[in-house]
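Read through the structure below, which is laid out as structure tokens, and then see the notes.
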Amino acid sequence: MKWLSYLSKQEVVRSGSSYNKQIAVVQMYGKNALLVDGIQQTGPYTEKLWKTGLKLVMKDSPSGVSSILVFGVGGGTVFKMFQKAFPGAR
């Protein structure tokens, strides 16, 4: 299915909850993405948005960061970015 995702997004699984009517994992451009009520929560576009927004924070942060607290967001994409930028942090 991966090659088809370069032509159009391919649904992998769909679910829902009483709070979010539609929760779906889709493949886009060969990568998985999470959509909640049609809004992308993770994936290449979200990662690009976070990279732009966190560029200065990551650049100006001390190199010895040992812990990071993330709240108020889903965090799937941002966790990977922080792990890469601060490999020793928990």
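To be explicit about the labels: the chains of the structure tokens are called A, B, and onward in the order shown, and within each one the residues are counted from 1, while ligands get numbers from 1 in the order they are shown.
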
Chain A: residues DSSP assigns to strand (DSSP E or B), reported as a list of chain:residue names: A:Gln10, A:Glu11, A:Val12, A:Val13, A:Arg14, A:Ser15, A:Ile23, A:Ala24, A:Val25, A:Val26, A:Gln27, A:Met28, A:Lys31, A:Asn32, A:Ala33, A:Leu34, A:Leu35, A:Val36, A:Ile39, A:Gln40

Long-range neighbours of region 37-50 of chain A as a ChimeraX atom specification, 9 Å cut-off, only C-alpha atoms, 5 positions minimum in chain: /A:16,20-24,28-29,31-32,55,74-78,81

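Restricting the calculation to only C-alpha atoms, the smallest distance between Lys84 (chain A) and any of A:Gln27, A:Val13, A:Lys51, A:Ser5 is found for A:Lys51.
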
Shell of 12 Å around Ile68 (chain A), only C-alpha atoms, local chain residues under 3 positions omitted, as an MDAnalysis selection string: chainID A and resid 58 61 64:65 71 75 78:79 81:83 85:90

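We find CA of Ser15 (chain A) and CA of Lys2 (chain A) to be spaced 20.6 Å apart.
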
DSSP helix (DSSP H, G or I) selection over region 59-90 of chain A, as a ChimeraX atom specification: /A:59-60,76-85
